[in-house]
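Raw contents of run_9.csv, CSV, C-alpha atoms:
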```
chain,number,residue,atom,x,y,z
F,1,MET,CA,97.3,80.4,190.3
F,2,SER,CA,95.0,77.4,190.3
F,3,GLU,CA,93.5,78.1,193.7
F,4,ASN,CA,91.1,80.9,194.7
F,5,THR,CA,92.6,84.2,195.7
F,6,THR,CA,95.0,84.2,198.7
F,7,SER,CA,94.7,87.9,199.4
F,8,ASN,CA,93.0,87.3,202.7
F,9,LYS,CA,95.1,84.4,203.8
F,10,ILE,CA,98.1,84.1,206.1
F,11,CYS,CA,101.2,82.0,205.6
F,12,VAL,CA,103.3,81.7,208.7
F,13,VAL,CA,106.9,80.4,208.4
F,14,ILE,CA,108.8,79.2,211.5
F,15,GLY,CA,112.6,79.5,210.9
F,16,ALA,CA,114.4,82.2,209.0
F,17,SER,CA,117.5,80.5,207.7
F,18,HIS,CA,118.0,79.4,204.1
F,19,ALA,CA,114.8,77.3,203.9
F,20,GLY,CA,112.4,79.7,205.6
F,21,VAL,CA,113.6,82.8,203.9
F,22,ASN,CA,113.6,81.2,200.4
F,23,VAL,CA,110.1,79.9,200.9
F,24,ALA,CA,108.9,83.4,201.8
F,25,PHE,CA,110.3,85.0,198.7
F,26,SER,CA,109.3,82.1,196.5
F,27,LEU,CA,105.7,82.4,197.7
F,28,ARG,CA,105.6,86.0,196.5
F,29,ARG,CA,107.1,84.9,193.1
F,30,GLU,CA,104.4,82.2,192.7
F,31,GLY,CA,101.6,84.6,193.4
F,32,TRP,CA,100.8,84.4,197.1
F,33,GLU,CA,98.9,87.6,197.8
F,34,GLY,CA,98.2,87.4,201.5
F,35,GLU,CA,100.4,87.9,204.5
F,36,ILE,CA,103.7,86.2,205.0
F,37,ILE,CA,105.1,86.2,208.5
F,38,LEU,CA,108.5,84.8,209.2
F,39,TYR,CA,109.5,83.9,212.8
F,40,ASP,CA,113.0,83.1,214.2
F,41,SER,CA,114.5,83.0,217.6
F,42,ASP,CA,117.8,84.4,216.3
F,43,PRO,CA,117.7,88.2,216.6
F,44,GLU,CA,120.0,88.8,213.6
F,45,MET,CA,118.8,89.5,210.1
F,46,PRO,CA,118.7,86.2,208.2
F,47,TYR,CA,122.2,85.3,207.1
F,48,HIS,CA,124.2,82.8,205.2
F,49,ARG,CA,125.2,79.9,207.6
F,50,PRO,CA,128.0,78.1,205.7
F,51,PRO,CA,130.6,80.9,205.9
F,52,LEU,CA,130.4,80.9,209.8
F,53,SER,CA,132.9,78.0,210.2
F,54,LYS,CA,134.9,79.1,207.1
F,55,ALA,CA,135.7,82.6,205.9
F,56,TYR,CA,133.7,84.4,208.6
F,57,LEU,CA,135.4,82.7,211.5
F,58,SER,CA,138.9,83.5,210.2
F,59,ALA,CA,138.2,87.1,209.1
F,60,GLU,CA,139.6,90.0,211.1
F,61,ASN,CA,136.6,92.3,210.7
F,62,ASN,CA,133.1,90.8,210.9
F,63,SER,CA,131.1,93.9,211.5
F,64,GLU,CA,128.7,93.0,208.7
F,65,LEU,CA,126.8,89.7,208.3
F,66,ASP,CA,126.5,88.1,204.9
F,67,LEU,CA,122.7,88.5,204.6
F,68,LEU,CA,120.5,86.2,202.6
F,69,PHE,CA,118.6,89.3,201.3
F,70,PRO,CA,119.0,93.0,202.1
F,71,GLU,CA,116.6,94.2,204.7
F,72,GLN,CA,114.7,96.4,202.3
F,73,ASN,CA,113.8,93.4,200.2
F,74,TYR,CA,111.5,92.0,202.9
F,75,ALA,CA,109.7,95.3,203.1
F,76,SER,CA,109.3,95.6,199.3
F,77,GLU,CA,107.9,92.0,199.1
F,78,ASN,CA,105.6,92.7,202.1
F,79,ILE,CA,107.3,89.9,204.2
F,80,THR,CA,107.0,90.5,207.9
F,81,LEU,CA,110.1,89.5,210.0
F,82,LYS,CA,109.6,88.6,213.6
F,83,LEU,CA,113.1,88.0,214.8
F,84,GLY,CA,114.2,87.1,218.3
F,85,GLU,CA,110.8,85.5,218.9
F,86,THR,CA,110.3,81.8,219.8
F,87,VAL,CA,107.3,79.8,218.8
F,88,SER,CA,106.3,77.5,221.7
F,89,GLU,CA,103.2,75.7,220.4
F,90,ILE,CA,101.2,74.8,217.3
F,91,ASN,CA,97.4,74.3,217.5
F,92,ASN,CA,96.6,72.7,214.2
F,93,GLU,CA,92.9,72.4,215.0
F,94,GLU,CA,92.6,76.1,215.6
F,95,LYS,CA,95.3,76.8,213.0
F,96,THR,CA,97.3,79.0,215.4
F,97,ILE,CA,100.8,79.3,216.8
F,98,THR,CA,101.6,80.6,220.2
F,99,LEU,CA,104.8,82.5,221.0
F,100,SER,CA,106.8,82.2,224.2
F,101,SER,CA,105.4,85.7,225.1
F,102,GLY,CA,101.9,84.3,225.0
F,103,GLU,CA,101.0,86.0,221.8
F,104,ILE,CA,98.8,84.0,219.4
F,105,GLN,CA,99.0,84.2,215.6
F,106,LEU,CA,96.5,82.7,213.2
F,107,TYR,CA,97.6,80.9,210.0
F,108,ASP,CA,96.0,79.4,206.9
F,109,LYS,CA,99.2,77.7,205.8
F,110,LEU,CA,102.2,76.9,208.1
F,111,VAL,CA,105.7,76.1,207.0
F,112,LEU,CA,108.1,74.5,209.4
F,113,ALA,CA,111.7,75.4,208.6
F,114,THR,CA,112.9,74.7,212.1
F,115,GLY,CA,116.3,73.1,211.1
F,116,ALA,CA,118.4,71.5,213.7
F,117,ARG,CA,120.5,72.4,216.8
F,118,PRO,CA,123.9,71.2,217.9
F,119,PHE,CA,124.1,68.0,219.8
F,120,ILE,CA,126.0,68.5,223.1
F,121,PRO,CA,127.1,65.0,224.3
F,122,PRO,CA,126.6,64.1,227.9
F,123,ILE,CA,130.3,64.3,228.8
F,124,ASN,CA,131.2,64.6,232.5
F,125,GLY,CA,132.1,68.2,233.2
F,126,ILE,CA,130.9,69.6,229.9
F,127,LYS,CA,128.4,71.9,231.5
F,128,THR,CA,131.0,73.6,233.7
F,129,ALA,CA,133.8,73.8,231.0
F,130,SER,CA,135.3,77.2,230.3
F,131,ASN,CA,134.9,78.7,226.8
F,132,LEU,CA,133.1,75.7,225.3
F,133,PHE,CA,131.0,76.4,222.2
F,134,PRO,CA,129.1,74.8,219.4
F,135,MET,CA,129.4,76.1,215.8
F,136,ARG,CA,125.9,76.9,214.5
F,137,THR,CA,125.1,80.6,214.7
F,138,PHE,CA,126.6,84.0,214.3
F,139,ALA,CA,126.6,84.4,218.1
F,140,ASP,CA,128.7,81.2,218.3
F,141,THR,CA,131.2,82.5,215.8
F,142,VAL,CA,131.5,85.9,217.7
F,143,SER,CA,132.0,84.1,221.0
F,144,ILE,CA,134.7,81.8,219.6
F,145,GLN,CA,136.6,84.8,218.1
F,146,LYS,CA,136.4,86.7,221.4
F,147,ALA,CA,137.7,83.7,223.3
F,148,ILE,CA,140.6,83.2,221.0
F,149,LYS,CA,141.6,86.9,221.1
F,150,ASN,CA,141.5,86.9,224.9
F,151,SER,CA,143.5,83.7,225.2
F,152,VAL,CA,147.3,83.9,225.7
F,153,GLU,CA,148.2,80.4,224.5
F,154,LYS,CA,145.2,79.9,222.1
F,155,ARG,CA,145.0,76.2,222.7
F,156,VAL,CA,141.9,74.8,221.0
F,157,VAL,CA,140.4,71.3,221.2
F,158,ILE,CA,137.8,70.4,218.7
F,159,ILE,CA,135.6,67.5,219.7
F,160,GLY,CA,134.4,65.9,216.4
F,161,GLY,CA,136.1,65.3,213.1
F,162,GLY,CA,133.2,66.0,210.7
F,163,TYR,CA,133.0,68.8,208.2
F,164,ILE,CA,132.1,71.4,210.9
F,165,GLY,CA,135.0,70.3,213.1
F,166,LEU,CA,137.5,70.3,210.2
F,167,GLU,CA,136.3,73.6,208.8
F,168,THR,CA,136.5,75.2,212.2
F,169,ALA,CA,140.0,73.8,212.7
F,170,ALA,CA,141.2,75.2,209.4
F,171,SER,CA,139.8,78.7,210.2
F,172,LEU,CA,141.1,78.8,213.7
F,173,LYS,CA,144.6,77.7,212.6
F,174,LYS,CA,144.6,80.5,210.1
F,175,ILE,CA,144.2,83.1,212.9
F,176,GLY,CA,147.0,81.5,215.0
F,177,ALA,CA,145.4,79.0,217.2
F,178,LYS,CA,147.0,75.7,218.3
F,179,VAL,CA,144.4,73.2,217.3
F,180,VAL,CA,143.8,69.5,218.2
F,181,VAL,CA,140.9,67.6,216.6
F,182,LEU,CA,139.7,64.6,218.6
F,183,GLU,CA,137.6,62.1,216.6
F,184,ARG,CA,135.9,59.2,218.3
F,185,GLU,CA,135.8,57.0,215.2
F,186,GLU,CA,138.7,55.3,213.4
F,187,ARG,CA,139.0,58.2,210.9
F,188,VAL,CA,137.6,61.7,210.3
F,189,LEU,CA,134.6,62.0,208.0
F,190,GLU,CA,133.9,58.3,208.5
F,191,ARG,CA,130.1,58.7,208.3
F,192,VAL,CA,130.1,60.6,205.0
F,193,THR,CA,133.2,59.7,202.9
F,194,ALA,CA,135.4,56.8,201.8
F,195,PRO,CA,138.8,56.1,203.5
F,196,GLU,CA,140.6,57.8,200.7
F,197,MET,CA,139.0,61.1,201.4
F,198,SER,CA,139.5,60.7,205.2
F,199,THR,CA,143.2,60.1,204.5
F,200,PHE,CA,143.5,63.1,202.3
F,201,PHE,CA,141.9,65.5,204.8
F,202,SER,CA,143.8,64.1,207.8
F,203,LYS,CA,147.0,64.7,205.8
F,204,LEU,CA,145.9,68.2,204.7
F,205,HIS,CA,145.3,69.3,208.3
F,206,GLN,CA,148.5,67.7,209.6
F,207,GLU,CA,150.5,69.5,206.9
F,208,ASN,CA,148.9,72.8,208.1
F,209,GLY,CA,149.9,72.1,211.7
F,210,VAL,CA,146.6,70.8,213.1
F,211,GLU,CA,146.9,67.6,215.2
F,212,VAL,CA,144.2,65.2,214.0
F,213,LEU,CA,143.7,62.2,216.4
F,214,PRO,CA,141.2,59.4,215.6
F,215,ASN,CA,140.0,56.8,218.1
F,216,LYS,CA,139.7,59.5,220.8
F,217,ASN,CA,136.5,59.1,222.8
F,218,VAL,CA,136.2,62.1,225.2
F,219,VAL,CA,134.9,60.9,228.6
F,220,SER,CA,135.4,64.0,230.8
F,221,ILE,CA,136.4,67.6,230.9
F,222,LYS,CA,138.2,69.0,234.0
F,223,THR,CA,138.3,72.7,234.5
F,224,SER,CA,140.5,74.7,236.8
F,225,GLU,CA,141.1,78.5,236.8
F,226,GLY,CA,139.6,78.8,233.3
F,227,ILE,CA,141.8,76.1,231.7
F,228,ASN,CA,140.2,72.9,230.5
F,229,GLU,CA,141.7,69.4,230.4
F,230,VAL,CA,139.9,67.2,227.9
F,231,VAL,CA,140.2,63.5,229.0
F,232,CYS,CA,139.8,60.5,226.6
F,233,ASP,CA,139.0,56.9,227.5
F,234,ASP,CA,142.6,55.9,226.7
F,235,ASN,CA,143.8,58.0,229.6
F,236,THR,CA,145.2,60.7,227.3
F,237,SER,CA,144.4,64.3,228.0
F,238,TYR,CA,144.6,67.7,226.2
F,239,LYS,CA,144.8,71.2,227.6
F,240,ALA,CA,142.4,73.7,226.1
F,241,ASP,CA,141.7,77.4,226.5
F,242,LEU,CA,138.8,76.9,224.2
F,243,ILE,CA,136.7,73.9,223.2
F,244,VAL,CA,134.5,73.6,220.1
F,245,VAL,CA,132.0,70.8,220.0
F,246,GLY,CA,131.0,69.5,216.5
F,247,VAL,CA,129.7,66.0,217.0
F,248,GLY,CA,126.4,66.3,215.1
F,249,ILE,CA,123.0,67.8,215.4
F,250,LYS,CA,119.5,67.2,216.8
F,251,VAL,CA,116.6,67.8,214.5
F,252,ASN,CA,114.1,70.4,215.7
F,253,ILE,CA,111.0,68.3,215.6
F,254,ASP,CA,109.4,69.3,219.0
F,255,LEU,CA,106.8,71.7,217.7
F,256,ALA,CA,105.7,69.3,214.9
F,257,GLU,CA,105.6,66.3,217.2
F,258,LYS,CA,103.4,68.1,219.8
F,259,ALA,CA,101.1,69.2,216.9
F,260,GLY,CA,100.6,65.5,216.0
F,261,VAL,CA,102.5,65.7,212.6
F,262,GLU,CA,104.0,62.4,211.5
F,263,ILE,CA,107.6,62.1,212.6
F,264,GLU,CA,110.2,59.6,211.2
F,265,ASN,CA,113.9,60.6,211.4
F,266,GLY,CA,112.7,64.1,211.1
F,267,ILE,CA,109.4,65.7,209.9
F,268,LYS,CA,108.0,63.3,207.3
F,269,VAL,CA,106.8,65.1,204.1
F,270,ASP,CA,105.5,64.0,200.7
F,271,SER,CA,106.9,65.0,197.3
F,272,SER,CA,105.4,68.5,197.6
F,273,ALA,CA,106.9,69.1,201.1
F,274,LYS,CA,103.5,68.6,202.8
F,275,THR,CA,103.3,66.9,206.2
F,276,SER,CA,100.6,64.6,207.4
F,277,ASP,CA,98.6,67.8,208.1
F,278,ALA,CA,97.2,69.3,204.9
F,279,ASN,CA,97.9,72.8,206.0
F,280,ILE,CA,101.4,72.3,207.3
F,281,TYR,CA,104.5,72.0,205.2
F,282,ALA,CA,108.1,71.3,206.2
F,283,ILE,CA,111.4,72.1,204.5
F,284,GLY,CA,115.1,71.9,205.0
F,285,ASP,CA,117.3,70.1,207.5
F,286,CYS,CA,114.3,69.0,209.6
F,287,THR,CA,112.6,67.0,206.9
F,288,TYR,CA,112.5,63.3,206.0
F,289,HIS,CA,111.6,63.1,202.4
F,290,PHE,CA,111.6,60.7,199.5
F,291,ASN,CA,114.3,60.9,196.8
F,292,PRO,CA,113.1,59.3,193.6
F,293,HIS,CA,116.6,58.9,192.1
F,294,TYR,CA,117.8,56.8,195.1
F,295,ASN,CA,114.4,55.3,195.7
F,296,ARG,CA,114.4,55.9,199.4
F,297,PHE,CA,113.6,58.4,202.1
F,298,ILE,CA,116.5,60.6,203.2
F,299,ARG,CA,117.2,63.5,205.6
F,300,LEU,CA,119.8,66.1,204.4
F,301,GLU,CA,121.8,68.8,206.1
F,302,SER,CA,122.3,70.9,203.0
F,303,VAL,CA,121.7,74.5,201.8
F,304,GLN,CA,120.8,73.1,198.4
F,305,ASN,CA,118.1,70.9,199.8
F,306,ALA,CA,116.7,73.8,201.9
F,307,VAL,CA,116.5,76.1,198.9
F,308,ASP,CA,115.1,73.5,196.5
F,309,GLN,CA,112.5,72.3,199.0
F,310,ALA,CA,111.5,75.9,199.6
F,311,LYS,CA,110.7,76.4,196.0
F,312,VAL,CA,108.7,73.2,195.8
F,313,ALA,CA,106.7,74.0,198.9
F,314,ALA,CA,105.9,77.5,197.6
F,315,LEU,CA,104.6,76.1,194.4
F,316,ALA,CA,102.5,73.5,196.2
F,317,ILE,CA,101.0,76.1,198.6
F,318,CYS,CA,100.0,78.2,195.7
F,319,GLY,CA,98.1,75.3,194.2
F,320,ASN,CA,100.5,73.8,191.7
F,321,GLN,CA,101.2,70.2,191.1
F,322,VAL,CA,104.9,69.7,191.9
F,323,GLU,CA,107.4,67.0,192.9
F,324,TYR,CA,110.7,67.4,194.6
F,325,ASN,CA,113.3,65.4,192.7
F,326,ALA,CA,116.9,66.7,193.0
F,327,ILE,CA,120.4,65.2,193.2
F,328,PRO,CA,121.9,66.4,196.5
F,329,TRP,CA,125.1,68.3,196.5
F,330,PHE,CA,127.4,69.8,199.2
F,331,TRP,CA,130.7,71.6,199.6
F,332,SER,CA,133.4,72.3,202.1
F,333,ASP,CA,136.3,74.8,202.1
F,334,GLN,CA,139.4,74.0,204.1
F,335,TYR,CA,142.7,76.0,203.6
F,336,ASP,CA,143.3,76.1,199.8
F,337,VAL,CA,141.1,73.1,199.2
F,338,LYS,CA,137.5,73.2,197.9
F,339,LEU,CA,135.6,69.9,198.3
F,340,GLN,CA,132.5,69.5,196.1
F,341,MET,CA,130.2,66.5,196.6
F,342,VAL,CA,127.3,65.4,194.5
F,343,GLY,CA,125.1,62.4,195.1
F,344,LEU,CA,124.7,60.1,198.1
F,345,SER,CA,127.4,57.4,198.6
F,346,LYS,CA,125.4,55.3,201.0
F,347,GLY,CA,125.4,51.6,199.8
F,348,TYR,CA,128.5,51.8,197.7
F,349,ASN,CA,130.6,48.7,197.2
F,350,GLU,CA,133.4,50.1,195.0
F,351,VAL,CA,135.5,53.2,195.1
F,352,ILE,CA,137.7,54.6,192.3
F,353,GLN,CA,140.1,57.4,193.2
F,354,ARG,CA,141.5,59.6,190.5
F,355,ILE,CA,144.5,61.7,191.4
F,356,GLU,CA,145.2,64.0,188.4
F,357,LEU,CA,148.6,64.1,186.9
F,358,ASP,CA,151.2,66.5,188.6
F,359,ASN,CA,148.7,67.7,191.2
F,360,ASP,CA,147.7,65.5,194.2
F,361,LYS,CA,145.4,68.3,195.4
F,362,CYS,CA,143.3,67.8,192.3
F,363,GLN,CA,141.5,64.5,192.7
F,364,SER,CA,138.2,62.8,192.9
F,365,VAL,CA,136.6,59.8,194.5
F,366,TRP,CA,133.8,58.0,192.5
F,367,TYR,CA,131.4,55.8,194.5
F,368,PHE,CA,129.7,52.9,192.7
F,369,LYS,CA,127.1,50.3,193.6
F,370,ASP,CA,128.0,47.6,191.1
F,371,ASN,CA,127.8,49.5,187.8
F,372,GLU,CA,125.7,52.4,189.1
F,373,LEU,CA,127.5,55.7,189.9
F,374,LEU,CA,126.1,56.9,193.2
F,375,ALA,CA,128.2,59.9,194.1
F,376,VAL,CA,131.4,61.9,193.5
F,377,ASP,CA,133.7,63.7,195.9
F,378,ALA,CA,135.8,66.3,194.0
F,379,VAL,CA,138.8,68.0,195.5
F,380,ASN,CA,139.8,71.2,193.6
F,381,ASN,CA,138.2,69.5,190.5
F,382,GLY,CA,135.2,71.3,189.2
F,383,LYS,CA,135.0,69.1,186.0
F,384,ALA,CA,134.7,65.9,188.0
F,385,TYR,CA,132.0,67.5,190.2
F,386,VAL,CA,129.9,68.8,187.3
F,387,LEU,CA,130.3,65.8,185.0
F,388,GLY,CA,129.8,63.4,187.9
F,389,GLY,CA,126.5,65.1,188.7
F,390,ARG,CA,125.5,64.8,185.1
F,391,PHE,CA,126.4,61.1,184.9
F,392,ILE,CA,124.5,60.4,188.2
F,393,LYS,CA,121.3,62.3,187.1
F,394,GLY,CA,121.3,60.6,183.7
F,395,LYS,CA,122.1,57.1,185.2
F,396,GLN,CA,124.8,56.8,182.6
F,397,GLU,CA,127.1,53.8,182.8
F,398,ILE,CA,130.7,54.6,183.3
F,399,ASP,CA,133.7,52.7,181.8
F,400,LYS,CA,135.6,52.1,185.0
F,401,LEU,CA,138.9,51.3,183.2
F,402,LYS,CA,138.8,54.6,181.4
F,403,LEU,CA,138.0,56.4,184.7
F,404,LYS,CA,141.0,54.8,186.4
F,405,ASP,CA,143.3,55.9,183.5
F,406,VAL,CA,144.5,59.4,184.6
F,407,SER,CA,146.0,60.0,181.2
F,408,ILE,CA,142.4,60.3,179.9
F,409,PRO,CA,141.2,63.8,180.6
F,410,ILE,CA,137.9,64.4,182.3
F,411,LYS,CA,135.5,65.4,179.5
F,412,PRO,CA,131.7,64.8,178.9
F,413,THR,CA,132.2,61.6,176.9
F,414,SER,CA,135.6,60.4,178.2
F,415,PHE,CA,134.3,57.7,180.6
F,416,LEU,CA,131.0,56.6,179.0
F,417,LYS,CA,130.5,53.1,178.0
F,418,ASP,CA,130.8,52.6,174.2
```
Represent the structure from my file as structure tokens, please.
Amino acid sequence: MSENTTSNKICVVIGASHAGVNVAFSLRREGWEGEIILYDSDPEMPYHRPPLSKAYLSAENNSELDLLFPEQNYASENITLKLGETVSEINNEEKTITLSSGEIQLYDKLVLATGARPFIPPINGIKTASNLFPMRTFADTVSIQKAIKNSVEKRVVIIGGGYIGLETAASLKKIGAKVVVLEREERVLERVTAPEMSTFFSKLHQENGVEVLPNKNVVSIKTSEGINEVVCDDNTSYKADLIVVGVGIKVNIDLAEKAGVEIENGIKVDSSAKTSDANIYAIGDCTYHFNPHYNRFIRLESVQNAVDQAKVAALAICGNQVEYNAIPWFWSDQYDVKLQMVGLSKGYNEVIQRIELDNDKCQSVWYFKDNELLAVDAVNNGKAYVLGGRFIKGKQEIDKLKLKDVSIPIKPTSFLKD
């Protein structure tokens, strides 16, 4: 380590999901000798979040969580877990945090891995609806499963046709629910994918018996005797024994904002994940950070970003010169389809769709801004995903005519300009 000994220092981490847990273990690997204390309001041992709306929701027996690390690993690395505890205030002048219980904890370095919470839209009647849930935590998943098991007709309305909504729809359909997805925009996944991908996933869900309805703006929910009626602004309505809301998130910036840390579309950090306060770092979904490849600030809701930023923050806290510079990637599992995405498609002005010969469920969408490849969405197509990421990172120019020719197989040099 390039700094003086840290044996008498304390690093406090607020948030014990992917970002917070990984920064704690990374700090130990990078030589942090002092205390590491990890706080989270969730009482459960830190667990993997992505499976909640996928395999976990549709599983028959969920007695064991898919933990990020076994409990004994925290003890062996001398990482103190404070679960089920909420931090209410940061005093960056005194370098303390205050818990909702009133307890005060000193820190030398503080890491904010506060993530985000579900956005619950101000729909008339939403607060009094029966069996209405977001999909964000283990408790949400358990509540949804119980509500489905106790329902006779198992009618589910999902408000929101983003990834969480569609993954939840696929999982609930698998366990016998009758599912309707209501999307306010003209197509599902409108914010994050091209029309070609939206069409593919709408068709996929319809083939599996899920009703996917775009242009459905929910304006009220009427509840009587435990049954909900979800009403849209076109005067259509849908009965629901259970409602899942998946319309987006709100970034948890409250603590940072009250502490005077710079906020801009999240907690603004530099290339080492440091905030405007030299002793406070931020990582994961809550951060607004600069991406050198795309030459702009971005905020990502991504496990990959959470883990990568955690490693960078740990290195920086331990006195190393480091810069976060990664190509974002994401994934989604729905039915027998694995969607893998690499890069950021924002700003694209051309799309090329490849549907591989004899298999329309093996395809990819390539996003270009003029001649620059920005991103690739790959459906059941690991080669397109891997090579697309390589092309993007290397800023390699693609021969679009070759890319469009599905008789040319996807190989490392297949589509490169001569």
* Between F:Leu81, F:Leu213, F:Ile263, F:Ile249, which has the minimum distance to F:Ile120 (counting all atoms listed in the file)? -> F:Ile249
Spatial neighbours of F:Ser53, 7 Å, only C-alpha atoms, chain gap at least 5 places, as a CSV table (one decimal) with C-alpha atoms, in the frame of the given file:
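And here's result-v3.csv as it stands now:
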```csv
chain,number,residue,atom,x,y,z
F,135,MET,CA,129.4,76.1,215.8
F,164,ILE,CA,132.1,71.4,210.9
F,167,GLU,CA,136.3,73.6,208.8
F,168,THR,CA,136.5,75.2,212.2
F,171,SER,CA,139.8,78.7,210.2
```
* Residues within 10 Å of (145.3, 75.1, 218.0), file coords, all atoms listed in the file, listed as an NGL selection string -> :F and (148 or 153-158 or 169-170 or 172-181 or 209-211 or 240-242)
Output file for the residues above (C-alpha atoms, as a short mmCIF file (atom, residue, chain, number, x, y, z; two decimals), in the frame of the given file):
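The resulting again-v4.cif:
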```cif
data_model
loop_
_atom_site.label_atom_id
_atom_site.label_comp_id
_atom_site.auth_asym_id
_atom_site.auth_seq_id
_atom_site.Cartn_x
_atom_site.Cartn_y
_atom_site.Cartn_z
CA ILE F 148 140.60 83.20 221.00
CA GLU F 153 148.20 80.40 224.50
CA LYS F 154 145.20 79.90 222.10
CA ARG F 155 145.00 76.20 222.70
CA VAL F 156 141.90 74.80 221.00
CA VAL F 157 140.40 71.30 221.20
CA ILE F 158 137.80 70.40 218.70
CA ALA F 169 140.00 73.80 212.70
CA ALA F 170 141.20 75.20 209.40
CA LEU F 172 141.10 78.80 213.70
CA LYS F 173 144.60 77.70 212.60
CA LYS F 174 144.60 80.50 210.10
CA ILE F 175 144.20 83.10 212.90
CA GLY F 176 147.00 81.50 215.00
CA ALA F 177 145.40 79.00 217.20
CA LYS F 178 147.00 75.70 218.30
CA VAL F 179 144.40 73.20 217.30
CA VAL F 180 143.80 69.50 218.20
CA VAL F 181 140.90 67.60 216.60
CA GLY F 209 149.90 72.10 211.70
CA VAL F 210 146.60 70.80 213.10
CA GLU F 211 146.90 67.60 215.20
CA ALA F 240 142.40 73.70 226.10
CA ASP F 241 141.70 77.40 226.50
CA LEU F 242 138.80 76.90 224.20
#
```
List every residue of stretch 215-329 of chain F that has an atom at most 8 Å from any atom of stretch 96-116 of chain F, and for each one report the closest atom pair and its distance in Å to one decimal, counting all atoms listed in the file, with rows sorted by chain and then by increasing residue number, as a Markdown table.
```
| residue | atom | partner | partner_atom | distance |
| --- | --- | --- | --- | --- |
| F:Ile249 | CA | F:Ala116 | CA | 6.1 |
| F:Lys250 | CA | F:Ala116 | CA | 5.4 |
| F:Val251 | CA | F:Ala116 | CA | 4.2 |
| F:Asn252 | CA | F:Ala116 | CA | 4.9 |
| F:Ile253 | CA | F:Thr114 | CA | 7.5 |
| F:Ala256 | CA | F:Leu112 | CA | 7.9 |
| F:Asn279 | CA | F:Lys109 | CA | 5.1 |
| F:Ile280 | CA | F:Leu110 | CA | 4.7 |
| F:Tyr281 | CA | F:Val111 | CA | 4.6 |
| F:Ala282 | CA | F:Leu112 | CA | 4.5 |
| F:Ile283 | CA | F:Ala113 | CA | 5.3 |
| F:Gly284 | CA | F:Ala113 | CA | 6.1 |
| F:Asp285 | CA | F:Gly115 | CA | 4.8 |
| F:Cys286 | CA | F:Gly115 | CA | 4.8 |
| F:Ile317 | CA | F:Lys109 | CA | 7.6 |
```
* **Spatial neighbours of F:Asn349, max dist 10 Å, all atoms listed in the file, sep filter under 2 positions, as a PyMOL selection string** => chain F and resi 345-347+351+367-371
* **Selected residue of minimal separation from F:Pro118 among F:Gln206, F:Gln145, F:Ser237, F:Thr137, counting all atoms listed in the file** => F:Thr137
* Atomic separation - atom CA of F:Glu264 relative to atom CA of F:Ala24, Å ->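 Answer for the atom CA of F:Ala24 to atom CA of F:Glu264 separation: 25.6 Å.
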Counting all atoms listed in the file, find residues at most 12 Å from (111.8, 90.0, 214.2) (file frame) and give them as a PDB file with C-alpha atoms, keeping the file's coordinate frame.
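Written output follows (selection36.pdb):
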```
ATOM      1  CA  ILE F  14     108.800  79.200 211.500  1.00  0.00           C
ATOM      2  CA  GLY F  15     112.600  79.500 210.900  1.00  0.00           C
ATOM      3  CA  ALA F  16     114.400  82.200 209.000  1.00  0.00           C
ATOM      4  CA  ILE F  37     105.100  86.200 208.500  1.00  0.00           C
ATOM      5  CA  LEU F  38     108.500  84.800 209.200  1.00  0.00           C
ATOM      6  CA  TYR F  39     109.500  83.900 212.800  1.00  0.00           C
ATOM      7  CA  ASP F  40     113.000  83.100 214.200  1.00  0.00           C
ATOM      8  CA  SER F  41     114.500  83.000 217.600  1.00  0.00           C
ATOM      9  CA  ASP F  42     117.800  84.400 216.300  1.00  0.00           C
ATOM     10  CA  PRO F  43     117.700  88.200 216.600  1.00  0.00           C
ATOM     11  CA  GLU F  44     120.000  88.800 213.600  1.00  0.00           C
ATOM     12  CA  MET F  45     118.800  89.500 210.100  1.00  0.00           C
ATOM     13  CA  PRO F  46     118.700  86.200 208.200  1.00  0.00           C
ATOM     14  CA  GLU F  71     116.600  94.200 204.700  1.00  0.00           C
ATOM     15  CA  TYR F  74     111.500  92.000 202.900  1.00  0.00           C
ATOM     16  CA  ILE F  79     107.300  89.900 204.200  1.00  0.00           C
ATOM     17  CA  THR F  80     107.000  90.500 207.900  1.00  0.00           C
ATOM     18  CA  LEU F  81     110.100  89.500 210.000  1.00  0.00           C
ATOM     19  CA  LYS F  82     109.600  88.600 213.600  1.00  0.00           C
ATOM     20  CA  LEU F  83     113.100  88.000 214.800  1.00  0.00           C
ATOM     21  CA  GLY F  84     114.200  87.100 218.300  1.00  0.00           C
ATOM     22  CA  GLU F  85     110.800  85.500 218.900  1.00  0.00           C
ATOM     23  CA  THR F  86     110.300  81.800 219.800  1.00  0.00           C
TER      24      THR F  86
END
```
Report, as AutoDock Vina command-line options, the centre and edge lengths in Å (one decimal) of the axis-aligned box enclosing every listed atom of stretch 296-310 of chain F, padded by 4 Å on each side.
```
--center_x 116.9 --center_y 66.0 --center_z 201.3 --size_x 18.8 --size_y 28.2 --size_z 17.6
```
* Select, from F:Thr287, F:Ser151, F:Thr193, F:Ser17, the residue with the minimum atom-to-atom distance to F:Lys268, counting only C-alpha atoms. => F:Thr287
* Provide the atom CA of F:Leu357 to atom CA of F:Gly162 distance in Å, to one decimal place. =>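 These two atoms are separated by 28.4 Å.
If you measure from each of F:Val303, F:Leu52, F:Val192, F:Val152 to F:Asp333 using all atoms listed in the file, the closest one turns out to be F:Leu52.
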